[in-house]
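Visitor: Structure file start23.cif (mmCIF, C-alpha atoms) is given on the next line.
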data_entry
#
loop_
_atom_site.label_atom_id
_atom_site.label_comp_id
_atom_site.auth_asym_id
_atom_site.auth_seq_id
_atom_site.Cartn_x
_atom_site.Cartn_y
_atom_site.Cartn_z
CA MET A 979 106.94 116.52 89.99
CA THR A 980 107.57 112.80 89.80
CA LEU A 981 106.21 110.56 92.53
CA PRO A 982 108.05 107.34 93.44
CA THR A 983 106.65 104.25 91.75
CA SER A 984 107.50 102.05 94.76
CA ILE A 985 107.01 102.74 98.45
CA LYS A 986 107.67 100.74 101.61
CA ASN A 987 106.09 101.07 105.02
CA GLY A 988 109.03 101.03 107.45
CA VAL A 989 106.80 99.97 110.36
CA THR A 990 104.66 97.18 108.90
CA GLY A 991 107.02 96.05 106.12
CA ASP A 992 104.32 96.29 103.42
CA ARG A 993 105.58 97.23 99.94
CA ILE A 994 103.68 98.78 97.06
CA THR A 995 104.62 99.26 93.41
CA PHE A 996 102.25 101.56 91.52
CA LEU A 997 101.27 100.26 88.10
CA LEU A 998 98.77 103.05 87.31
CA SER A 999 98.79 106.25 89.37
CA PRO A 1000 96.04 108.87 89.25
CA MET A 1001 98.33 111.22 91.20
CA SER A 1002 100.89 110.92 88.39
CA GLY A 1003 98.34 111.62 85.67
CA ASP A 1004 97.43 108.04 84.67
CA GLY A 1005 93.68 108.69 84.75
CA ASP A 1006 91.09 107.60 87.30
CA LEU A 1007 92.15 103.96 87.74
CA LEU A 1008 94.65 103.10 90.49
CA ALA A 1009 96.53 99.82 90.13
CA PHE A 1010 99.32 98.62 92.39
CA ARG A 1011 101.12 95.45 93.42
CA CYS A 1012 101.24 94.96 97.19
CA THR A 1013 103.49 92.63 99.13
CA LEU A 1014 102.44 91.84 102.69
CA PRO A 1015 105.01 90.18 104.92
CA PRO A 1016 104.21 86.99 106.85
CA HIS A 1017 101.41 87.66 109.36
CA GLY A 1018 100.96 91.19 107.96
CA ASP A 1019 97.92 92.99 109.32
CA GLY A 1020 96.86 94.57 106.01
CA THR A 1021 93.82 96.76 106.63
CA PRO A 1022 91.06 96.74 109.25
CA LEU A 1023 87.43 96.36 108.27
CA HIS A 1024 86.29 99.46 106.38
CA VAL A 1025 83.97 100.67 103.61
CA HIS A 1026 84.26 103.06 100.66
CA ASP A 1027 81.32 105.25 99.65
CA ASP A 1028 81.95 105.27 95.93
CA MET A 1029 85.03 103.21 95.15
CA THR A 1030 85.11 99.74 93.62
CA GLU A 1031 88.19 97.80 94.71
CA SER A 1032 89.45 94.46 93.44
CA PHE A 1033 92.21 92.10 94.50
CA VAL A 1034 94.00 89.43 92.45
CA VAL A 1035 96.48 87.20 94.29
CA GLU A 1036 99.73 86.53 92.43
CA ARG A 1037 101.52 84.55 95.15
CA GLY A 1038 100.56 83.25 98.58
CA SER A 1039 97.19 83.46 100.33
CA LEU A 1040 95.23 86.57 101.23
CA LEU A 1041 92.48 86.44 103.84
CA VAL A 1042 89.69 88.87 102.93
CA ASP A 1043 87.34 89.83 105.76
CA LEU A 1044 83.89 90.73 104.45
CA GLY A 1045 82.44 91.62 107.84
CA PRO A 1046 79.00 90.09 108.38
CA ALA A 1047 79.38 88.04 105.16
CA GLY A 1048 82.38 86.20 106.66
CA ASN A 1049 85.95 85.61 105.53
CA ILE A 1050 87.32 84.14 102.34
CA THR A 1051 90.86 83.12 101.52
CA LEU A 1052 92.16 83.90 98.05
CA SER A 1053 95.01 81.84 96.62
CA GLU A 1054 97.20 82.37 93.57
CA GLY A 1055 95.11 83.39 90.56
CA GLN A 1056 91.93 84.03 92.54
CA GLU A 1057 90.28 87.42 92.67
CA ILE A 1058 87.48 89.38 94.27
CA SER A 1059 85.78 92.66 93.46
CA ILE A 1060 84.41 94.74 96.32
CA ALA A 1061 81.44 97.00 95.53
CA PRO A 1062 81.07 100.45 97.14
CA GLY A 1063 79.52 100.25 100.61
CA THR A 1064 80.72 96.67 101.24
CA PRO A 1065 82.65 96.18 104.49
CA HIS A 1066 86.06 94.61 103.83
CA GLY A 1067 89.58 94.29 105.10
CA PHE A 1068 92.46 91.93 104.44
CA ARG A 1069 95.49 90.36 106.08
CA ASN A 1070 98.15 87.71 105.62
CA GLU A 1071 97.75 84.91 108.16
CA THR A 1072 100.50 82.74 106.66
CA ASP A 1073 104.21 82.24 107.30
CA GLY A 1074 105.06 83.46 103.77
CA GLU A 1075 104.66 86.70 101.86
CA VAL A 1076 101.50 87.36 99.90
CA VAL A 1077 101.65 89.37 96.68
CA PHE A 1078 98.49 90.73 95.10
CA VAL A 1079 97.39 93.39 92.65
CA THR A 1080 94.74 95.88 93.69
CA THR A 1081 92.75 98.10 91.37
CA ALA A 1082 90.49 100.90 92.56
CA THR A 1083 88.10 103.21 90.74
CA PRO A 1084 88.10 106.08 91.45
CA GLY A 1085 91.62 105.63 92.76
CA GLU A 1086 93.18 108.98 93.63
CA GLY A 1087 91.81 109.01 97.19
CA LEU A 1088 93.19 105.55 97.95
CA GLU A 1089 96.54 106.46 96.42
CA THR A 1090 96.68 109.60 98.58
CA PHE A 1091 95.83 107.48 101.63
CA LEU A 1092 98.57 104.93 100.88
CA ARG A 1093 101.28 107.45 100.09
CA THR A 1094 100.42 109.46 103.21
CA ILE A 1095 100.27 106.53 105.65
CA TYR A 1096 103.57 105.15 104.34
CA ALA A 1097 105.20 108.59 104.62
CA LEU A 1098 103.91 108.93 108.20
CA ALA A 1099 105.27 105.48 109.06
CA ASN A 1100 108.66 106.30 107.61
CA GLU A 1101 108.75 109.53 109.64
CA GLY A 1102 107.98 107.64 112.89
CA MET A 1103 104.52 109.19 113.19
CA VAL A 1104 102.50 105.97 113.57
CA ASN A 1105 102.12 103.34 116.27
CA ALA A 1106 103.36 99.73 116.04
CA LYS A 1107 100.22 98.74 114.06
CA GLY A 1108 100.90 101.50 111.51
CA MET A 1109 98.07 103.81 112.63
CA PRO A 1110 98.71 107.58 112.90
CA ARG A 1111 99.40 108.88 116.38
CA ASP A 1112 97.92 112.30 115.56
CA PRO A 1113 94.11 112.29 115.19
CA ARG A 1114 94.40 115.09 112.60
CA ALA A 1115 96.34 112.70 110.36
CA LEU A 1116 93.73 109.98 110.82
CA ALA A 1117 90.95 112.41 109.88
CA PHE A 1118 92.92 113.50 106.80
CA LEU A 1119 93.48 109.89 105.76
CA LEU A 1120 89.88 108.78 106.25
CA ASP A 1121 88.50 111.77 104.38
CA ARG A 1122 90.97 111.81 101.49
CA GLY A 1123 90.97 108.03 101.21
CA ASN A 1124 87.19 107.72 100.92
CA LEU A 1125 87.28 105.40 103.95
CA LEU A 1126 84.94 104.77 106.84
CA LEU A 1127 85.81 102.32 109.57
CA ALA A 1128 83.28 99.53 110.01
CA GLY A 1129 81.69 99.23 113.44
CA VAL A 1130 81.70 102.98 114.16
CA PRO A 1131 78.54 104.89 113.23
CA HIS A 1132 79.26 106.69 109.95
CA ILE A 1133 77.57 109.91 111.04
CA VAL A 1134 79.84 110.06 114.10
CA GLN A 1135 82.94 109.41 111.97
CA ARG A 1136 81.95 112.08 109.46
CA LEU A 1137 81.33 114.65 112.21
CA VAL A 1138 84.60 113.93 114.03
CA THR A 1139 86.53 113.85 110.74
CA PHE A 1140 85.01 117.19 109.69
CA MET A 1141 86.02 118.82 112.99
CA LEU A 1142 89.54 117.37 112.98
CA ARG A 1143 90.06 118.36 109.33
CA GLY A 1144 89.13 121.93 110.32
CA VAL A 1145 91.76 121.88 113.06
CA ALA A 1146 94.28 120.39 110.63
CA ARG A 1147 93.63 123.19 108.14
CA LEU A 1148 93.90 125.90 110.80
CA THR A 1149 97.18 124.49 112.09
CA ARG A 1150 98.50 123.93 108.53
CA TYR A 1151 98.94 120.24 109.35
CA GLU A 1152 97.21 119.20 106.11
CA ARG A 1153 99.76 121.20 104.13
CA ARG A 1154 102.54 119.39 105.97
CA LEU A 1155 101.02 116.02 105.03
CA ASP A 1156 100.61 117.06 101.39
CA LEU A 1157 104.27 118.15 101.27
CA MET A 1158 105.41 114.87 102.83
CA VAL A 1159 103.62 112.88 100.14
CA ARG A 1160 104.40 115.03 97.14
CA GLY A 1161 107.99 115.72 98.17
CA SER A 1162 107.67 119.46 97.52
#
Can the structure from this file be put into C-alpha cells for me?
Guide:
Amino acid sequence: MTLPTSIKNGVTGDRITFLLSPMSGDGDLLAFRCTLPPHGDGTPLHVHDDMTESFVVERGSLLVDLGPAGNITLSEGQEISIAPGTPHGFRNETDGEVVFVTTATPGEGLETFLRTIYALANEGMVNAKGMPRDPRALAFLLDRGNLLLAGVPHIVQRLVTFMLRGVARLTRYERRLDLMVRGS
C-alpha cells in the first residue's frame, strides 16, 4: 500500500507534503512541509504526552501560541522545538501564506491524526473550522494523535475519549476511519 505524499484539507485549505512518513515505513521521525493559507487557523492549544515537535518557517510568519508562556511569531529561517507536555498551537495571522516544516518524534500518531482529519474534511465530515462533527472521530483523533486539548482537565478528556473509542470500536467506526486513511 502506498500512501499519498501530499494531502490537502478541502475545508481549511491547508496543504501538507510528507518528507518522512512513519506510516510508509520511514522510521519513527515524521517530517512534513505545511502550507497554511492567509488567516489559517492552524491548530488550537494542545499538548502531547511524549512527542517532541519542532517548526521551521520557510516563508511567511507563523504565530505560535505557547499558552501561559505567551505567543511568539516565527519568521523565515526561525525555528522552535516544543517539548512533551508543553501547551502549544499555531496559526497564520497574515494576509499571505505561511510555509513551514514540522518534525515530530515519535511521529506516527501525528501522521495518523493529520491523514484522518484531512480525509474527514474531504468527505464533508467536519465543521467550518475543520473539527469532526462525530464525537467518535474526535476521540479517535485525540487518542491516536497523542493529543490533549489545553484548558480541559486531562483526566476528563482521557475518560471521555476512552468511552467514545469503545463506542467507535463497537460500531466499527474506527475501522471506517482506518480505511479512509489507508485507502484500503
Visitor: Here's the selection I'm unsure about, the PyMOL selection byres ((chain A and resi 988-998) around 6); applied to the file above, which residues does it give, as a list in words?
Guide: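 Selected by the PyMOL selection byres ((chain A and resi 988-998) around 6) here: Thr983, Ser984, Ile985, Lys986, Asn987, Ser999, Asp1004, Leu1008, Ala1009, Phe1010, Arg1011, Cys1012, Thr1013, Leu1014, Ala1099 and Asn1100 of chain A.
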Visitor: Can you translate the PyMOL selection byres ((chain A and resi 1134-1147) around 10) into the concrete residues it hits in this file, as a list in words?
Guide: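 Checked against the file, the PyMOL selection byres ((chain A and resi 1134-1147) around 10) matches Pro1113, Arg1114, Ala1115, Leu1116, Ala1117, Phe1118, Leu1119, Leu1120, Asp1121, Leu1125, Leu1126, Leu1127, Val1130, Pro1131, His1132, Ile1133, Leu1148, Thr1149, Arg1150, Tyr1151, Glu1152, Arg1153, Arg1154 and Leu1155 of chain A.
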Visitor: With C-alpha atoms retained, could you export that selection as a short mmCIF file (atom, residue, chain, number, x, y, z; two decimals), keeping the file's coordinate frame?
Guide:
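This went into result.cif:
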data_model
loop_
_atom_site.label_atom_id
_atom_site.label_comp_id
_atom_site.auth_asym_id
_atom_site.auth_seq_id
_atom_site.Cartn_x
_atom_site.Cartn_y
_atom_site.Cartn_z
CA PRO A 1113 94.11 112.29 115.19
CA ARG A 1114 94.40 115.09 112.60
CA ALA A 1115 96.34 112.70 110.36
CA LEU A 1116 93.73 109.98 110.82
CA ALA A 1117 90.95 112.41 109.88
CA PHE A 1118 92.92 113.50 106.80
CA LEU A 1119 93.48 109.89 105.76
CA LEU A 1120 89.88 108.78 106.25
CA ASP A 1121 88.50 111.77 104.38
CA LEU A 1125 87.28 105.40 103.95
CA LEU A 1126 84.94 104.77 106.84
CA LEU A 1127 85.81 102.32 109.57
CA VAL A 1130 81.70 102.98 114.16
CA PRO A 1131 78.54 104.89 113.23
CA HIS A 1132 79.26 106.69 109.95
CA ILE A 1133 77.57 109.91 111.04
CA LEU A 1148 93.90 125.90 110.80
CA THR A 1149 97.18 124.49 112.09
CA ARG A 1150 98.50 123.93 108.53
CA TYR A 1151 98.94 120.24 109.35
CA GLU A 1152 97.21 119.20 106.11
CA ARG A 1153 99.76 121.20 104.13
CA ARG A 1154 102.54 119.39 105.97
CA LEU A 1155 101.02 116.02 105.03
#
Visitor: CA of Leu1098 (chain A) to CA of Phe1068 (chain A): how many Å, to one decimal?
Guide: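 Going from CA of Leu1098 (chain A) over to CA of Phe1068 (chain A) covers 20.8 Å.
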Visitor: What is the distance between CA of Thr1080 (chain A) and CA of Gly1045 (chain A), in Å to one decimal?
Guide: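 Interatomic distance here is 19.2 Å.
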Visitor: Mind telling me what the PyMOL selection byres ((chain A and resi 1020) around 10) catches here, as a PyMOL selection string?
Guide: chain A and resi 990+992+1012-1015+1017-1019+1021-1023+1040-1042+1067-1071+1107-1108
Visitor: Which distance in Å separates CA of Gly1085 (chain A) and CA of Ala1106 (chain A), to one decimal?
Guide: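 Result for CA of Gly1085 (chain A) versus CA of Ala1106 (chain A): 26.7 Å, one decimal.
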Visitor: Save region 998-1152 of chain A to a file: C-alpha atoms, as a PDB file, in the first residue's frame.
Guide:
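Resulting contents of selection_20.pdb:
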ATOM      1  CA  LEU A 998       9.416  11.377   6.099  1.00  0.00           C
ATOM      2  CA  SER A 999       6.436   9.153   6.870  1.00  0.00           C
ATOM      3  CA  PRO A1000       6.366   6.593   9.691  1.00  0.00           C
ATOM      4  CA  MET A1001       3.162   5.168   8.187  1.00  0.00           C
ATOM      5  CA  SER A1002       5.073   4.494   4.956  1.00  0.00           C
ATOM      6  CA  GLY A1003       7.963   2.794   6.749  1.00  0.00           C
ATOM      7  CA  ASP A1004      10.373   5.742   7.079  1.00  0.00           C
ATOM      8  CA  GLY A1005      11.094   5.071  10.760  1.00  0.00           C
ATOM      9  CA  ASP A1006       9.918   6.954  13.834  1.00  0.00           C
ATOM     10  CA  LEU A1007      10.526  10.529  12.647  1.00  0.00           C
ATOM     11  CA  LEU A1008       7.693  12.382  10.909  1.00  0.00           C
ATOM     12  CA  ALA A1009       8.660  15.358   8.748  1.00  0.00           C
ATOM     13  CA  PHE A1010       6.306  17.364   6.571  1.00  0.00           C
ATOM     14  CA  ARG A1011       6.012  20.731   4.862  1.00  0.00           C
ATOM     15  CA  CYS A1012       2.788  22.557   5.702  1.00  0.00           C
ATOM     16  CA  THR A1013       1.263  25.487   3.868  1.00  0.00           C
ATOM     17  CA  LEU A1014      -1.346  27.494   5.761  1.00  0.00           C
ATOM     18  CA  PRO A1015      -3.454  29.915   3.742  1.00  0.00           C
ATOM     19  CA  PRO A1016      -3.830  33.562   4.781  1.00  0.00           C
ATOM     20  CA  HIS A1017      -5.542  33.785   8.182  1.00  0.00           C
ATOM     21  CA  GLY A1018      -5.416  29.979   8.516  1.00  0.00           C
ATOM     22  CA  ASP A1019      -6.441  28.714  11.940  1.00  0.00           C
ATOM     23  CA  GLY A1020      -3.750  26.020  12.213  1.00  0.00           C
ATOM     24  CA  THR A1021      -4.254  24.134  15.469  1.00  0.00           C
ATOM     25  CA  PRO A1022      -5.829  25.039  18.807  1.00  0.00           C
ATOM     26  CA  LEU A1023      -3.826  24.946  22.018  1.00  0.00           C
ATOM     27  CA  HIS A1024      -2.922  21.342  22.851  1.00  0.00           C
ATOM     28  CA  VAL A1025      -0.247  19.154  24.448  1.00  0.00           C
ATOM     29  CA  HIS A1026       1.465  15.867  23.577  1.00  0.00           C
ATOM     30  CA  ASP A1027       2.395  13.384  26.308  1.00  0.00           C
ATOM     31  CA  ASP A1028       5.536  12.030  24.718  1.00  0.00           C
ATOM     32  CA  MET A1029       6.122  13.746  21.394  1.00  0.00           C
ATOM     33  CA  THR A1030       8.698  16.424  20.644  1.00  0.00           C
ATOM     34  CA  GLU A1031       7.574  18.697  17.815  1.00  0.00           C
ATOM     35  CA  SER A1032       9.548  21.379  16.013  1.00  0.00           C
ATOM     36  CA  PHE A1033       8.685  24.034  13.455  1.00  0.00           C
ATOM     37  CA  VAL A1034      10.977  25.814  10.983  1.00  0.00           C
ATOM     38  CA  VAL A1035       9.441  28.627   8.910  1.00  0.00           C
ATOM     39  CA  GLU A1036      10.456  28.653   5.243  1.00  0.00           C
ATOM     40  CA  ARG A1037       8.236  31.523   4.086  1.00  0.00           C
ATOM     41  CA  GLY A1038       5.898  33.956   5.812  1.00  0.00           C
ATOM     42  CA  SER A1039       5.184  34.316   9.532  1.00  0.00           C
ATOM     43  CA  LEU A1040       3.807  31.699  11.897  1.00  0.00           C
ATOM     44  CA  LEU A1041       2.272  32.703  15.222  1.00  0.00           C
ATOM     45  CA  VAL A1042       2.995  30.041  17.850  1.00  0.00           C
ATOM     46  CA  ASP A1043       0.764  30.113  20.929  1.00  0.00           C
ATOM     47  CA  LEU A1044       2.560  28.713  23.973  1.00  0.00           C
ATOM     48  CA  GLY A1045      -0.388  29.086  26.327  1.00  0.00           C
ATOM     49  CA  PRO A1046       0.619  30.622  29.658  1.00  0.00           C
ATOM     50  CA  ALA A1047       4.117  31.367  28.283  1.00  0.00           C
ATOM     51  CA  GLY A1048       2.611  33.702  25.653  1.00  0.00           C
ATOM     52  CA  ASN A1049       2.848  33.931  21.875  1.00  0.00           C
ATOM     53  CA  ILE A1050       5.851  34.174  19.607  1.00  0.00           C
ATOM     54  CA  THR A1051       5.973  34.916  15.900  1.00  0.00           C
ATOM     55  CA  LEU A1052       8.437  32.962  13.800  1.00  0.00           C
ATOM     56  CA  SER A1053       9.665  34.429  10.522  1.00  0.00           C
ATOM     57  CA  GLU A1054      11.605  32.883   7.657  1.00  0.00           C
ATOM     58  CA  GLY A1055      14.502  30.782   8.947  1.00  0.00           C
ATOM     59  CA  GLN A1056      13.375  30.832  12.575  1.00  0.00           C
ATOM     60  CA  GLU A1057      12.513  27.677  14.460  1.00  0.00           C
ATOM     61  CA  ILE A1058      11.154  26.371  17.727  1.00  0.00           C
ATOM     62  CA  SER A1059      11.174  22.978  19.402  1.00  0.00           C
ATOM     63  CA  ILE A1060       8.256  22.047  21.641  1.00  0.00           C
ATOM     64  CA  ALA A1061       8.971  19.578  24.461  1.00  0.00           C
ATOM     65  CA  PRO A1062       6.410  16.946  25.506  1.00  0.00           C
ATOM     66  CA  GLY A1063       3.808  18.350  27.897  1.00  0.00           C
ATOM     67  CA  THR A1064       4.187  21.939  26.630  1.00  0.00           C
ATOM     68  CA  PRO A1065       0.924  23.628  25.593  1.00  0.00           C
ATOM     69  CA  HIS A1066       1.137  24.930  22.029  1.00  0.00           C
ATOM     70  CA  GLY A1067      -0.850  25.772  18.946  1.00  0.00           C
ATOM     71  CA  PHE A1068      -0.210  27.800  15.821  1.00  0.00           C
ATOM     72  CA  ARG A1069      -1.942  29.932  13.216  1.00  0.00           C
ATOM     73  CA  ASN A1070      -1.328  32.298  10.333  1.00  0.00           C
ATOM     74  CA  GLU A1071      -2.487  35.818  11.174  1.00  0.00           C
ATOM     75  CA  THR A1072      -1.130  37.365   7.966  1.00  0.00           C
ATOM     76  CA  ASP A1073      -2.540  38.155   4.526  1.00  0.00           C
ATOM     77  CA  GLY A1074      -0.055  35.758   2.873  1.00  0.00           C
ATOM     78  CA  GLU A1075       0.611  32.037   3.010  1.00  0.00           C
ATOM     79  CA  VAL A1076       2.996  30.632   5.576  1.00  0.00           C
ATOM     80  CA  VAL A1077       5.122  27.595   4.735  1.00  0.00           C
ATOM     81  CA  PHE A1078       6.914  25.676   7.467  1.00  0.00           C
ATOM     82  CA  VAL A1079       8.456  22.284   8.083  1.00  0.00           C
ATOM     83  CA  THR A1080       7.366  20.275  11.099  1.00  0.00           C
ATOM     84  CA  THR A1081       9.198  17.325  12.574  1.00  0.00           C
ATOM     85  CA  ALA A1082       7.759  15.090  15.277  1.00  0.00           C
ATOM     86  CA  THR A1083       9.224  12.222  17.278  1.00  0.00           C
ATOM     87  CA  PRO A1084       7.569   9.801  17.690  1.00  0.00           C
ATOM     88  CA  GLY A1085       5.596  10.781  14.616  1.00  0.00           C
ATOM     89  CA  GLU A1086       3.198   8.016  13.603  1.00  0.00           C
ATOM     90  CA  GLY A1087       0.382   9.251  15.863  1.00  0.00           C
ATOM     91  CA  LEU A1088       0.547  12.776  14.466  1.00  0.00           C
ATOM     92  CA  GLU A1089       0.676  11.458  10.910  1.00  0.00           C
ATOM     93  CA  THR A1090      -2.411   9.317  11.599  1.00  0.00           C
ATOM     94  CA  PHE A1091      -4.143  12.382  13.052  1.00  0.00           C
ATOM     95  CA  LEU A1092      -3.318  14.549  10.021  1.00  0.00           C
ATOM     96  CA  ARG A1093      -4.253  11.981   7.402  1.00  0.00           C
ATOM     97  CA  THR A1094      -7.518  11.223   9.207  1.00  0.00           C
ATOM     98  CA  ILE A1095      -8.613  14.836   9.773  1.00  0.00           C
ATOM     99  CA  TYR A1096      -7.863  15.727   6.144  1.00  0.00           C
ATOM    100  CA  ALA A1097      -9.783  12.657   4.920  1.00  0.00           C
ATOM    101  CA  LEU A1098     -12.745  13.608   7.129  1.00  0.00           C
ATOM    102  CA  ALA A1099     -12.659  17.169   5.781  1.00  0.00           C
ATOM    103  CA  ASN A1100     -12.589  15.961   2.203  1.00  0.00           C
ATOM    104  CA  GLU A1101     -15.573  13.689   2.899  1.00  0.00           C
ATOM    105  CA  GLY A1102     -17.592  16.611   4.352  1.00  0.00           C
ATOM    106  CA  MET A1103     -17.467  15.191   7.880  1.00  0.00           C
ATOM    107  CA  VAL A1104     -16.104  18.284   9.668  1.00  0.00           C
ATOM    108  CA  ASN A1105     -17.476  21.707  10.548  1.00  0.00           C
ATOM    109  CA  ALA A1106     -16.338  25.010   9.010  1.00  0.00           C
ATOM    110  CA  LYS A1107     -13.352  25.139  11.435  1.00  0.00           C
ATOM    111  CA  GLY A1108     -12.240  21.665  10.322  1.00  0.00           C
ATOM    112  CA  MET A1109     -13.284  19.847  13.513  1.00  0.00           C
ATOM    113  CA  PRO A1110     -15.045  16.451  13.260  1.00  0.00           C
ATOM    114  CA  ARG A1111     -18.805  16.513  13.620  1.00  0.00           C
ATOM    115  CA  ASP A1112     -18.875  12.999  15.094  1.00  0.00           C
ATOM    116  CA  PRO A1113     -17.502  12.783  18.656  1.00  0.00           C
ATOM    117  CA  ARG A1114     -16.259   9.235  17.912  1.00  0.00           C
ATOM    118  CA  ALA A1115     -13.946  10.702  15.268  1.00  0.00           C
ATOM    119  CA  LEU A1116     -12.671  13.342  17.694  1.00  0.00           C
ATOM    120  CA  ALA A1117     -11.935  10.662  20.308  1.00  0.00           C
ATOM    121  CA  PHE A1118     -10.108   8.575  17.685  1.00  0.00           C
ATOM    122  CA  LEU A1119      -8.047  11.579  16.589  1.00  0.00           C
ATOM    123  CA  LEU A1120      -7.099  12.704  20.093  1.00  0.00           C
ATOM    124  CA  ASP A1121      -6.115   9.209  21.161  1.00  0.00           C
ATOM    125  CA  ARG A1122      -4.223   8.177  18.027  1.00  0.00           C
ATOM    126  CA  GLY A1123      -2.635  11.600  17.658  1.00  0.00           C
ATOM    127  CA  ASN A1124      -1.228  11.695  21.186  1.00  0.00           C
ATOM    128  CA  LEU A1125      -3.138  14.955  21.724  1.00  0.00           C
ATOM    129  CA  LEU A1126      -4.850  16.526  24.688  1.00  0.00           C
ATOM    130  CA  LEU A1127      -6.660  19.824  24.379  1.00  0.00           C
ATOM    131  CA  ALA A1128      -5.374  22.520  26.707  1.00  0.00           C
ATOM    132  CA  GLY A1129      -7.891  24.012  29.115  1.00  0.00           C
ATOM    133  CA  VAL A1130      -9.874  20.784  29.591  1.00  0.00           C
ATOM    134  CA  PRO A1131      -8.851  18.586  32.534  1.00  0.00           C
ATOM    135  CA  HIS A1132      -6.760  15.739  31.117  1.00  0.00           C
ATOM    136  CA  ILE A1133      -8.416  13.089  33.281  1.00  0.00           C
ATOM    137  CA  VAL A1134     -11.826  14.116  31.913  1.00  0.00           C
ATOM    138  CA  GLN A1135     -10.540  14.022  28.320  1.00  0.00           C
ATOM    139  CA  ARG A1136      -8.975  10.601  28.822  1.00  0.00           C
ATOM    140  CA  LEU A1137     -12.171   9.191  30.337  1.00  0.00           C
ATOM    141  CA  VAL A1138     -14.438  10.597  27.623  1.00  0.00           C
ATOM    142  CA  THR A1139     -12.004   9.529  24.896  1.00  0.00           C
ATOM    143  CA  PHE A1140     -11.826   6.001  26.339  1.00  0.00           C
ATOM    144  CA  MET A1141     -15.638   5.702  26.362  1.00  0.00           C
ATOM    145  CA  LEU A1142     -16.082   7.139  22.862  1.00  0.00           C
ATOM    146  CA  ARG A1143     -13.312   4.901  21.473  1.00  0.00           C
ATOM    147  CA  GLY A1144     -15.212   1.910  22.915  1.00  0.00           C
ATOM    148  CA  VAL A1145     -18.357   3.016  21.101  1.00  0.00           C
ATOM    149  CA  ALA A1146     -16.346   3.583  17.923  1.00  0.00           C
ATOM    150  CA  ARG A1147     -14.942   0.059  18.102  1.00  0.00           C
ATOM    151  CA  LEU A1148     -18.353  -1.495  18.761  1.00  0.00           C
ATOM    152  CA  THR A1149     -19.911   0.365  15.837  1.00  0.00           C
ATOM    153  CA  ARG A1150     -16.887  -0.375  13.587  1.00  0.00           C
ATOM    154  CA  TYR A1151     -16.427   3.371  13.093  1.00  0.00           C
ATOM    155  CA  GLU A1152     -12.694   3.127  13.819  1.00  0.00           C
TER     156      GLU A1152
END
